[in-house]
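Novice: This is upload.tsv (TSV, C-alpha atoms and all ligand atoms).
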```tsv
chain	number	residue	atom	x	y	z
S	1	MET	CA	-13.54	7.82	9.33
S	2	TRP	CA	-12.15	11.15	8.21
S	3	VAL	CA	-13.05	12.99	11.41
S	4	ASP	CA	-10.32	13.28	14.00
S	5	ARG	CA	-12.24	13.71	17.23
S	6	SER	CA	-9.24	12.97	19.41
S	7	ARG	CA	-7.63	16.29	18.57
S	8	PRO	CA	-7.86	19.14	21.05
S	9	MET	CA	-10.29	21.90	20.20
S	10	CYS	CA	-8.29	24.97	19.23
S	11	LYS	CA	-11.10	27.14	18.08
S	12	GLY	CA	-10.20	29.75	15.55
S	13	SER	CA	-6.42	29.28	15.63
S	14	HIS	CA	-4.16	27.83	12.99
S	15	THR	CA	-2.12	24.82	13.94
S	16	SER	CA	1.63	24.78	13.56
S	17	GLY	CA	4.56	22.38	13.39
S	18	SER	CA	4.11	19.18	11.43
S	19	GLY	CA	0.48	20.09	10.79
S	20	LYS	CA	1.51	23.20	8.93
S	21	GLY	CA	-1.11	24.29	6.49
S	22	ALA	CA	-3.97	22.77	8.42
S	23	MET	CA	-6.56	25.06	9.85
S	24	VAL	CA	-9.28	24.71	12.42
S	25	HIS	CA	-12.96	25.06	11.67
S	26	SER	CA	-15.23	26.91	14.00
S	27	THR	CA	-16.50	23.46	15.03
S	28	GLY	CA	-13.02	22.72	16.37
S	29	THR	CA	-12.17	19.96	13.88
S	30	ARG	CA	-8.81	20.25	12.10
S	31	VAL	CA	-9.38	20.46	8.38
S	32	GLY	CA	-7.44	20.43	5.14
S	33	SER	CA	-8.18	20.80	1.44
S	34	THR	CA	-9.16	17.88	-0.76
S	35	LEU	CA	-9.70	18.12	-4.51
S	36	TRP	CA	-12.99	16.86	-5.91
S	37	PHE	CA	-13.88	16.16	-9.52
S	38	GLN	CA	-17.03	18.16	-10.23
S	39	GLY	CA	-17.85	16.45	-13.54
S	40	LYS	CA	-17.29	17.62	-17.12
S	41	GLY	CA	-13.61	18.38	-16.55
S	42	LYS	CA	-14.12	20.77	-13.63
S	43	VAL	CA	-12.44	20.49	-10.23
S	44	ALA	CA	-12.91	22.25	-6.88
S	45	LEU	CA	-11.34	22.16	-3.44
S	46	ARG	CA	-13.36	21.10	-0.43
S	47	THR	CA	-12.43	21.67	3.16
S	48	GLU	CA	-12.63	18.36	4.99
S	49	PRO	CA	-11.67	17.04	8.42
S	50	ILE	CA	-8.12	15.70	8.59
S	51	PRO	CA	-8.17	11.87	8.64
S	52	THR	CA	-6.75	9.79	11.47
S	53	PRO	CA	-4.44	6.83	10.70
S	54	GLY	CA	-5.61	3.41	11.86
S	55	PRO	CA	-3.40	0.48	12.88
S	56	GLY	CA	-0.53	0.01	10.42
S	57	GLU	CA	-1.33	3.31	8.74
S	58	VAL	CA	0.30	6.71	8.60
S	59	ARG	CA	-0.99	10.16	7.79
S	60	VAL	CA	1.08	12.08	5.26
S	61	ARG	CA	1.09	15.85	4.99
S	62	VAL	CA	1.37	16.02	1.20
S	63	ALA	CA	4.10	18.24	-0.25
S	64	MET	CA	3.46	17.48	-3.92
S	65	SER	CA	1.21	15.28	-6.02
S	66	VAL	CA	1.26	14.77	-9.79
S	67	LEU	CA	-1.48	14.25	-12.36
S	68	CYS	CA	-1.85	11.01	-14.31
S	69	GLY	CA	-3.65	10.36	-17.60
S	70	SER	CA	-5.67	7.63	-15.93
S	71	GLU	CA	-7.52	10.32	-13.95
S	72	LEU	CA	-9.14	11.79	-17.04
S	73	GLY	CA	-12.01	9.27	-17.14
S	74	GLY	CA	-13.14	10.32	-13.66
S	75	LEU	CA	-12.48	13.99	-14.38
S	76	HIS	CA	-14.96	13.93	-17.26
S	77	ALA	CA	-17.51	11.63	-15.65
S	78	ASP	CA	-20.63	13.01	-14.05
S	79	GLY	CA	-19.41	14.36	-10.73
S	80	PRO	CA	-18.93	15.02	-8.03
S	81	MET	CA	-16.42	12.39	-6.96
S	82	LEU	CA	-13.19	12.28	-4.98
S	83	ASN	CA	-10.12	13.00	-7.12
S	84	ALA	CA	-8.29	9.99	-8.56
S	85	GLY	CA	-4.79	11.28	-7.74
S	86	HIS	CA	-2.48	8.40	-6.87
S	87	GLU	CA	1.05	9.82	-6.94
S	88	ALA	CA	2.21	11.87	-3.95
S	89	VAL	CA	5.10	12.64	-1.61
S	90	GLY	CA	5.10	14.34	1.75
S	91	THR	CA	6.01	14.24	5.41
S	92	VAL	CA	4.61	11.70	7.84
S	93	ASP	CA	2.74	13.71	10.48
S	94	ALA	CA	0.95	10.99	12.47
S	95	ILE	CA	1.28	7.22	12.77
S	96	GLY	CA	-1.20	4.55	13.81
S	97	ASP	CA	-0.71	1.66	16.20
S	98	GLY	CA	2.02	-0.82	15.34
S	99	VAL	CA	3.88	1.35	12.83
S	100	VAL	CA	7.65	1.02	13.21
S	101	ALA	CA	9.04	1.27	9.67
S	102	VAL	CA	8.40	5.01	9.35
S	103	ALA	CA	8.24	7.78	11.94
S	104	VAL	CA	6.69	11.22	12.26
S	105	GLY	CA	8.85	13.65	10.31
S	106	ASP	CA	10.02	11.15	7.68
S	107	ARG	CA	9.86	12.30	4.08
S	108	VAL	CA	8.11	9.57	2.10
S	109	GLY	CA	6.82	8.68	-1.34
S	110	VAL	CA	3.56	6.73	-1.33
S	111	SER	CA	2.87	3.76	-3.58
S	112	ALA	CA	-0.82	3.85	-4.54
S	113	VAL	CA	-0.90	0.07	-4.88
S	114	GLN	CA	-0.70	-1.30	-1.35
S	115	GLY	CA	-0.42	-4.97	-0.43
S	116	CYS	CA	-1.93	-6.88	2.49
S	117	GLY	CA	1.50	-7.32	4.05
S	118	ALA	CA	0.92	-11.01	4.82
S	119	CYS	CA	1.22	-12.97	1.56
S	120	ASP	CA	4.20	-14.24	-0.47
S	121	ALA	CA	3.88	-11.43	-3.03
S	122	CYS	CA	3.99	-8.83	-0.27
S	123	ALA	CA	7.05	-10.51	1.24
S	124	ARG	CA	8.75	-9.86	-2.12
S	125	LEU	CA	7.38	-6.26	-2.10
S	126	GLU	CA	5.39	-7.07	-5.24
S	127	TYR	CA	2.16	-5.41	-4.17
S	128	THR	CA	0.59	-5.55	-7.63
S	129	TYR	CA	0.60	-9.34	-7.33
S	130	CYS	CA	-1.07	-9.35	-3.89
S	131	PRO	CA	-4.57	-10.86	-4.11
S	132	ASP	CA	-5.75	-8.56	-1.30
S	133	ARG	CA	-4.16	-5.36	-2.53
S	134	SER	CA	-5.88	-2.01	-2.34
S	135	VAL	CA	-5.37	1.08	-4.48
S	136	VAL	CA	-5.29	4.43	-2.70
S	137	MET	CA	-6.74	7.39	-4.59
S	138	GLY	CA	-7.59	10.93	-3.53
S	139	MET	CA	-3.96	12.05	-3.18
S	140	HIS	CA	-4.61	15.59	-4.42
S	141	ALA	CA	-5.26	16.66	-0.86
S	142	ASP	CA	-3.41	18.30	2.02
S	143	TYR	CA	-3.45	15.06	4.00
S	144	ILE	CA	-3.72	11.42	2.98
S	145	ILE	CA	-3.78	8.09	4.78
S	146	SER	CA	-1.50	5.28	3.59
S	147	LYS	CA	-0.43	1.90	4.84
S	148	ALA	CA	3.05	2.29	6.34
S	149	LEU	CA	4.26	-0.64	4.19
S	150	ALA	CA	3.57	1.41	1.06
S	151	CYS	CA	5.62	4.41	2.19
S	152	PHE	CA	9.14	4.63	0.78
S	153	ARG	CA	11.48	6.76	2.89
S	154	LEU	CA	13.05	9.28	0.54
S	155	PRO	CA	16.82	9.70	0.89
S	156	ASP	CA	17.95	13.26	1.67
S	157	ASP	CA	19.45	13.70	-1.79
S	158	ILE	CA	16.10	13.06	-3.50
S	159	THR	CA	13.96	16.19	-3.93
S	160	TRP	CA	10.15	16.24	-3.76
S	161	GLU	CA	10.03	16.59	-7.56
S	162	GLN	CA	12.27	13.58	-8.07
S	163	GLY	CA	10.61	11.58	-5.31
S	164	VAL	CA	7.08	11.96	-6.65
S	165	LEU	CA	8.22	10.73	-10.06
S	166	LEU	CA	10.25	7.85	-8.60
S	167	THR	CA	7.47	6.54	-6.35
S	168	GLY	CA	4.47	7.55	-8.50
S	169	ASP	CA	3.98	6.08	-11.96
S	170	GLY	CA	6.16	8.66	-13.72
S	171	LEU	CA	9.21	6.44	-13.90
S	172	GLY	CA	7.83	3.35	-12.15
S	173	VAL	CA	5.71	2.19	-15.08
S	174	ALA	CA	8.65	2.55	-17.46
S	175	HIS	CA	10.98	0.78	-15.03
S	176	HIS	CA	8.59	-2.14	-14.77
S	177	VAL	CA	8.29	-2.33	-18.58
S	178	ALA	CA	12.08	-2.56	-18.85
S	179	LYS	CA	12.11	-5.24	-16.19
S	180	ARG	CA	9.37	-7.21	-17.95
S	181	VAL	CA	11.21	-6.98	-21.27
S	182	GLY	CA	14.49	-8.02	-19.70
S	183	ALA	CA	12.72	-11.05	-18.28
S	184	THR	CA	12.09	-12.53	-21.72
S	185	ALA	CA	14.66	-14.46	-23.71
S	186	GLU	CA	14.37	-12.12	-26.68
S	187	GLY	CA	14.35	-9.02	-24.52
S	188	THR	CA	16.51	-6.34	-26.02
S	189	ARG	CA	15.99	-3.54	-23.60
S	190	ALA	CA	19.43	-2.06	-24.00
S	191	ALA	CA	21.41	-1.12	-27.06
S	192	GLY	CA	18.56	-2.21	-29.27
S	193	SER	CA	15.93	-0.11	-30.92
S	194	CYS	CA	12.62	0.74	-29.38
S	195	VAL	CA	9.51	2.53	-30.60
S	196	VAL	CA	7.06	4.13	-28.17
S	197	PHE	CA	3.51	4.60	-29.43
S	198	GLY	CA	1.85	7.54	-27.67
S	199	VAL	CA	4.11	9.95	-25.79
S	200	GLY	CA	1.82	11.31	-23.11
S	201	PRO	CA	3.37	11.24	-19.64
S	202	VAL	CA	3.62	7.42	-19.49
S	203	GLY	CA	5.10	7.21	-22.99
S	204	LEU	CA	7.57	9.98	-22.13
S	205	GLY	CA	8.66	7.99	-19.07
S	206	ASN	CA	9.39	5.05	-21.36
S	207	VAL	CA	11.35	7.28	-23.76
S	208	LEU	CA	13.45	8.49	-20.83
S	209	MET	CA	13.99	4.99	-19.40
S	210	GLN	CA	14.78	3.23	-22.69
S	211	THR	CA	17.17	6.01	-23.71
S	212	TYR	CA	18.89	5.74	-20.33
S	213	LEU	CA	19.20	1.95	-20.81
S	214	GLY	CA	20.93	2.51	-24.14
S	215	ALA	CA	18.18	1.86	-26.66
S	216	ASN	CA	17.78	3.91	-29.80
S	217	VAL	CA	14.29	5.34	-29.26
S	218	THR	CA	11.62	6.42	-31.74
S	219	ALA	CA	8.47	8.23	-30.58
S	220	VAL	CA	5.16	8.10	-32.45
S	221	ASP	CA	2.31	10.50	-31.66
S	222	ILE	CA	-0.13	12.91	-33.28
S	223	SER	CA	1.01	15.86	-31.11
S	224	ALA	CA	4.03	17.83	-32.35
S	225	ASP	CA	4.47	19.30	-28.85
S	226	ARG	CA	4.67	15.92	-27.20
S	227	LEU	CA	7.07	14.67	-29.86
S	228	GLU	CA	9.28	17.66	-29.09
S	229	LEU	CA	9.22	16.67	-25.40
S	230	ALA	CA	10.15	13.12	-26.44
S	231	ARG	CA	13.13	14.48	-28.40
S	232	ARG	CA	14.30	16.40	-25.36
S	233	LEU	CA	14.13	13.20	-23.30
S	234	GLY	CA	16.25	11.31	-25.79
S	235	ALA	CA	14.15	10.10	-28.74
S	236	THR	CA	16.39	10.16	-31.81
S	237	THR	CA	13.55	9.73	-34.32
S	238	VAL	CA	10.01	11.05	-34.12
S	239	VAL	CA	7.08	10.13	-36.35
S	240	GLN	CA	4.11	12.48	-36.34
S	241	LEU	CA	0.89	10.89	-37.53
S	242	SER	CA	-2.23	12.86	-38.40
S	243	ALA	CA	-5.38	11.70	-36.65
S	244	GLU	CA	-6.31	10.06	-39.96
S	245	ASP	CA	-2.88	8.37	-40.33
S	246	SER	CA	-3.23	6.90	-36.85
S	247	LEU	CA	-6.34	5.01	-37.97
S	248	ALA	CA	-4.71	3.64	-41.15
S	249	PRO	CA	-4.20	-0.14	-41.49
S	250	ALA	CA	-1.40	-1.47	-39.28
S	251	ASP	CA	0.81	-2.45	-42.22
S	252	GLU	CA	0.71	1.06	-43.65
S	253	GLN	CA	1.62	2.63	-40.31
S	254	ALA	CA	4.37	0.07	-39.78
S	255	LYS	CA	5.90	0.74	-43.23
S	256	ARG	CA	6.07	4.44	-42.51
S	257	ILE	CA	7.57	4.00	-39.05
S	258	VAL	CA	10.14	1.42	-40.18
S	259	ALA	CA	11.13	3.71	-43.08
S	260	ALA	CA	11.68	6.59	-40.61
S	261	ILE	CA	13.85	4.42	-38.33
S	262	GLY	CA	15.70	2.62	-41.13
S	263	ALA	CA	15.01	-0.88	-39.75
S	264	ALA	CA	12.27	-2.69	-37.87
S	265	PRO	CA	12.70	-2.10	-34.11
S	266	ASP	CA	13.33	-4.81	-31.51
S	267	LEU	CA	10.80	-3.49	-29.05
S	268	ALA	CA	7.50	-1.58	-29.26
S	269	ILE	CA	5.82	-0.08	-26.19
S	270	GLU	CA	2.14	0.75	-26.69
S	271	CYS	CA	1.19	3.64	-24.39
S	272	ALA	CA	-1.63	5.22	-26.40
S	273	GLY	CA	-4.24	2.67	-25.35
S	274	ARG	CA	-5.69	2.52	-28.88
S	275	PRO	CA	-6.50	-0.63	-30.87
S	276	THR	CA	-4.93	0.79	-34.03
S	277	SER	CA	-1.67	1.61	-32.32
S	278	LEU	CA	-1.42	-1.86	-30.72
S	279	LYS	CA	-2.00	-3.40	-34.16
S	280	ALA	CA	0.62	-1.06	-35.64
S	281	ALA	CA	3.06	-1.99	-32.85
S	282	LEU	CA	2.65	-5.70	-33.65
S	283	ALA	CA	3.29	-5.01	-37.34
S	284	THR	CA	6.26	-2.71	-36.69
S	285	VAL	CA	8.59	-4.87	-34.56
S	286	ARG	CA	11.07	-7.15	-36.27
S	287	PRO	CA	10.53	-10.93	-36.29
S	288	GLY	CA	11.48	-12.10	-32.80
S	289	GLY	CA	10.61	-8.69	-31.38
S	290	VAL	CA	8.66	-7.77	-28.27
S	291	VAL	CA	5.49	-5.68	-27.90
S	292	VAL	CA	4.48	-4.40	-24.46
S	293	CYS	CA	0.90	-3.28	-23.71
S	294	VAL	CA	0.95	-0.37	-21.26
S	295	GLY	CA	-1.99	1.78	-22.38
S	296	GLU	CA	-5.23	0.46	-20.88
S	297	GLN	CA	-7.88	-0.53	-23.41
S	298	GLY	CA	-10.68	-2.98	-24.11
S	299	SER	CA	-10.63	-5.90	-26.53
S	300	VAL	CA	-8.54	-5.81	-29.69
S	301	PRO	CA	-8.77	-8.59	-32.29
S	302	ILE	CA	-5.39	-10.28	-32.72
S	303	SER	CA	-4.44	-13.15	-34.98
S	304	PRO	CA	-2.12	-15.44	-32.98
S	305	SER	CA	-0.93	-17.16	-36.18
S	306	GLY	CA	-0.40	-14.07	-38.32
S	307	GLU	CA	0.75	-11.52	-35.78
S	308	LEU	CA	2.52	-13.58	-33.11
S	309	ILE	CA	3.38	-17.20	-34.01
S	310	SER	CA	4.67	-16.83	-37.57
S	311	ARG	CA	6.82	-13.87	-36.55
S	312	ASP	CA	8.00	-15.12	-33.12
S	313	VAL	CA	6.63	-11.93	-31.60
S	314	ALA	CA	6.20	-11.78	-27.82
S	315	LEU	CA	3.23	-9.77	-26.52
S	316	LEU	CA	3.49	-8.72	-22.87
S	317	GLY	CA	1.37	-6.83	-20.39
S	318	SER	CA	2.92	-4.56	-17.77
S	319	TRP	CA	1.10	-2.81	-14.93
S	320	PHE	CA	2.39	-0.19	-12.53
S	321	TYR	CA	5.61	-1.21	-10.74
S	322	HIS	CA	6.74	-3.25	-7.77
S	323	PHE	CA	7.54	-1.46	-4.53
S	324	ALA	CA	10.81	-3.45	-4.57
S	325	GLU	CA	11.83	-1.60	-7.76
S	326	ILE	CA	12.03	1.84	-6.14
S	327	GLU	CA	15.54	1.28	-4.79
S	328	ASP	CA	16.78	0.53	-8.30
S	329	MET	CA	15.09	3.67	-9.63
S	330	VAL	CA	16.79	5.74	-6.93
S	331	SER	CA	20.11	4.25	-8.10
S	332	GLN	CA	19.25	5.19	-11.69
S	333	GLN	CA	18.46	8.72	-10.53
S	334	ARG	CA	21.84	8.96	-8.82
S	335	ALA	CA	23.45	7.63	-11.99
S	336	GLY	CA	21.95	10.48	-13.99
S	337	ILE	CA	18.63	9.46	-15.54
S	338	GLY	CA	17.24	12.88	-14.56
S	339	VAL	CA	13.65	11.90	-13.76
S	340	GLU	CA	12.74	15.52	-12.93
S	341	ARG	CA	12.87	16.25	-16.66
S	342	LEU	CA	9.47	14.54	-16.98
S	343	LEU	CA	7.91	17.41	-15.04
S	344	THR	CA	6.87	20.30	-17.30
S	345	HIS	CA	4.41	22.30	-15.18
S	346	THR	CA	3.87	23.02	-11.48
S	347	PHE	CA	0.84	24.71	-9.90
S	348	PRO	CA	-0.26	25.24	-6.31
S	349	LEU	CA	-3.18	23.02	-5.29
S	350	SER	CA	-5.39	26.12	-5.28
S	351	ARG	CA	-4.88	26.38	-9.07
S	352	ALA	CA	-5.70	22.75	-9.78
S	353	GLN	CA	-8.17	23.69	-12.52
S	354	ASP	CA	-5.35	25.37	-14.48
S	355	ALA	CA	-3.21	22.29	-13.91
S	356	TYR	CA	-5.83	19.93	-15.36
S	357	ASP	CA	-6.49	22.29	-18.29
S	358	VAL	CA	-2.79	22.35	-19.20
S	359	PHE	CA	-2.45	18.61	-18.63
S	360	GLN	CA	-5.16	17.93	-21.20
S	361	SER	CA	-3.75	20.31	-23.79
S	362	ALA	CA	-1.16	17.79	-25.02
S	363	VAL	CA	1.68	20.27	-24.44
S	364	ALA	CA	2.50	18.88	-21.01
S	365	GLY	CA	4.54	16.03	-19.60
S	366	LYS	CA	3.95	15.43	-15.91
S	367	VAL	CA	2.09	18.23	-14.12
S	368	ALA	CA	2.55	18.75	-10.37
S	369	LEU	CA	0.37	20.25	-7.66
S	370	THR	CA	2.30	21.74	-4.75
S	371	ARG	CA	1.04	22.67	-1.31
S	372	ASP	CA	2.12	25.84	0.38
S	373	GLU	CA	0.97	27.39	3.59
S	374	GLN	CA	-0.24	30.51	1.91
S	375	GLU	CA	-2.60	28.60	-0.32
S	376	ASP	CA	-3.98	26.62	2.62
S	377	ILE	CA	-5.18	29.64	4.54
S	378	ARG	CA	-8.58	30.57	3.28
S	401	ZN	ZN	-1.12	6.68	-12.88
S	402	ZN	ZN	-0.36	-9.42	0.10
```
Would you kindly transcribe this structure into structure tokens?
Ligand SMILES: [Zn+2]
Ligand SMILES: [Zn+2]
Specialist:
Amino acid sequence: MWVDRSRPMCKGSHTSGSGKGAMVHSTGTRVGSTLWFQGKGKVALRTEPIPTPGPGEVRVRVAMSVLCGSELGGLHADGPMLNAGHEAVGTVDAIGDGVVAVAVGDRVGVSAVQGCGACDACARLEYTYCPDRSVVMGMHADYIISKALACFRLPDDITWEQGVLLTGDGLGVAHHVAKRVGATAEGTRAAGSCVVFGVGPVGLGNVLMQTYLGANVTAVDISADRLELARRLGATTVVQLSAEDSLAPADEQAKRIVAAIGAAPDLAIECAGRPTSLKAALATVRPGGVVVCVGEQGSVPISPSGELISRDVALLGSWFYHFAEIEDMVSQQRAGIGVERLLTHTFPLSRAQDAYDVFQSAVAGKVALTRDEQEDIR
């Protein structure tokens, strides 16, 4: 399905115009670069035929994609496998049959979670609730295929850097958390106090969002570098735990965190994806507080009576974001949230290995891979 046999054979010459960066193999097939996980943390670029959009689909010439912590499992698995990139922006360079919402030349951000387009959830642009949704991966590539319904047309005043963070999970996950919290009676998303456990890129997004919404934010992590990033994004208190501290009983961690803040917080957002930090989050919030699970993890033993019922604590899950939320995030960007501050490093796609190495060093926020013509000509 990735071979575009309808294209004219332009042996040996580089294409131009909207296909900038593509080149032509000696076989005559237009090709672009796609990143592959090689196993054990290594990545490599492969030259592959440029895909053709089917009905309802568009092809996007990617301008920028960003790395996500959820890719690390695949990165360290036994390779090779297609990259798990799922946050990208670019220019539509071909459309399939029946596409009217976007046109060739449009700048778009692509939502990785894509609905069927026919159900009630999709009518509300809540693709994560669509029973027939698909998740598009492999976005660290020169060209990607997306359903047109999952392409958000970027306004002219939104840069690639901002766009990839507004339509990827950089800000989207944090926006959805705030929305979930606001949807509960006890939700205190603004002007309350909030503690974020684990300030990797997703946690940093929550620090930025909660600060913007007016909460007094505390960040908890074992990395001094990431806590410094959290401070720059608005955290007023940081608590650095040693690896040993982070495994201590929940009550001990909670005591230390509450002492640092001065009072038990209203809201705790668990982004570390660790059983001990979820338990600590439950013990840290005030009675009547809210805990949101964002970090993916397996089973964690919880006592409904001791940890939830007797303390009126609400425990929520929150996944990704709704396509319908992007407009609101664009408004927040225009109002000054400054989403681009989440981005700490940028590399060309050809230096993707360096990008992943930095990303895993715990000194980085969001890390971007850019495409430029120079790097595409091999
Ligand atoms: Zn992600
Ligand atoms: Zn649907």
Novice: Find the residues around S:Lys255 up to 8 Å (all atoms listed in the file counted), leave out those fewer than 4 positions away in its own chain, and share them as a list in words.
Specialist: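 Residues meeting the cut-off are Asp251, Ala259 and Thr284 of chain S.
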Novice: By how many Å are atom CA of S:Ala178 and atom CA of S:Glu296 apart?
Specialist: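 Those two atoms sit 17.7 Å apart.
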Novice: Looking at all atoms listed in the file, which of S:Cys151, S:Val258, S:Leu166, S:Met139 is the one that sits closest to S:Val92?
Specialist: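 The shortest atom-to-atom distance to S:Val92 comes from S:Cys151.
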Novice: Around ligand ZN 401 (chain S), out to 6 Å and counting all atoms listed in the file, which residues are there? I want them as a list in words.
Specialist: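 Residues satisfying the distance criterion: Cys68, Ser70 and Asp169 of chain S.
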Novice: Identify which of the residues S:Ala264, S:Val173, S:Cys194, S:Val43 lies closest to S:Gly79, counting only C-alpha atoms when measuring atom-to-atom distances.
Specialist: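 Of all the options, S:Val43 lies closest to S:Gly79.
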Novice: Which is closer to S:Leu208 than all the others in S:Val113, S:Leu343, S:Val358, S:Leu241, using all atoms listed in the file?
Specialist: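 So, comparing all the options, the nearest one is S:Leu343.
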Novice: Between S:Ala263, S:Glu327, S:Ala368, S:His176, which residue has the minimum interatomic distance to S:Val294, considering only C-alpha atoms?
Specialist: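 Of the candidates, the smallest distance to S:Val294 is held by S:His176.
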Novice: Name each residue within 6 Å of ligand ZN 402 (chain S), counting all atoms listed in the file, as a list in words.
Specialist: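 Protein and nucleic-acid residues within 6 Å of ligand ZN 402 (chain S): Gly115, Cys116, Gly117, Ala118, Cys119, Ala121, Cys122, Cys130 and Asp132 of chain S.
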Novice: Let's have the selection written as a PDB file, keeping the file's coordinate frame, with C-alpha atoms.
Specialist:
```pdb
ATOM      1  CA  GLY S 115      -0.420  -4.970  -0.430  1.00  0.00           C
ATOM      2  CA  CYS S 116      -1.930  -6.880   2.490  1.00  0.00           C
ATOM      3  CA  GLY S 117       1.500  -7.320   4.050  1.00  0.00           C
ATOM      4  CA  ALA S 118       0.920 -11.010   4.820  1.00  0.00           C
ATOM      5  CA  CYS S 119       1.220 -12.970   1.560  1.00  0.00           C
ATOM      6  CA  ALA S 121       3.880 -11.430  -3.030  1.00  0.00           C
ATOM      7  CA  CYS S 122       3.990  -8.830  -0.270  1.00  0.00           C
ATOM      8  CA  CYS S 130      -1.070  -9.350  -3.890  1.00  0.00           C
ATOM      9  CA  ASP S 132      -5.750  -8.560  -1.300  1.00  0.00           C
TER      10      ASP S 132
END
```
Novice: Measuring atom to atom with all atoms listed in the file, identify which of S:Met329, S:Val24, S:Ile50, S:Met81 is nearest to S:Phe37.
Specialist: S:Met81
Novice: Rank S:Ile158, S:Met137, S:Leu369, S:Val195 by their smallest atom-to-atom distance to S:Ala352, using only C-alpha atoms, and report the top residue only.
Specialist: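 With only C-alpha atoms as the atom set, the closest residue is S:Leu369.
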Novice: Which value, in Å to one decimal, gives the distance between atom CA of S:Leu267 and atom CA of S:Leu125?
Specialist: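 According to the coordinates, atom CA of S:Leu267 and atom CA of S:Leu125 are separated by 27.3 Å.
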Novice: Extract, using only C-alpha atoms, all DNA, RNA and protein residues at most 12 Å from S:Val363, discarding same-chain residues fewer than 5 positions from it, and format them as an NGL selection string.
Specialist: :S and (199-201 or 222-230 or 343-345 or 355-358)
Novice: Between atom CA of S:Ser310 and atom CA of S:Cys293, what is the distance in Å, rounded to a tenth?
Specialist: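 Interatomic distance here is 19.7 Å.
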Novice: Find the residues with any atom within 8 Å of (2.0, 14.5, -8.9); use only C-alpha atoms and the coordinates as given in the file, and write the answer as a PyMOL selection string.
Specialist: chain S and resi 64-68+85-88+164-165+168+366-369
Novice: Mind listing as a list in words all residues within 9 Å of (14.1, 2.1, -14.6), counting only C-alpha atoms?
Specialist: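 Selection result: Leu171, Gly172, Val173, Ala174, His175, His176, Val177, Ala178, Lys179, Asn206, Leu208, Met209, Gln210, Tyr212, Leu213, Glu325, Ile326, Asp328, Met329, Val330, Gln332, Gln333 and Ile337 of chain S.
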Novice: Using only C-alpha atoms, which residues sit within 8 Å of S:Val239 once same-chain residues fewer than 3 positions away are excluded, as a list in words?
Specialist: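 After dropping sequence-adjacent residues, the list is Thr218, Ala219, Val220, Asp221, Leu227, Ile257 and Ala260 of chain S.
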Novice: So that I can see what lies close to stretch 52-63 of chain S, please list as a ChimeraX atom specification the residues with an atom at most 7 Å from it, counting all atoms listed in the file and leaving out residues fewer than 5 positions away in the same chain.
Specialist: /S:2,4,88-99,141-148,370-371
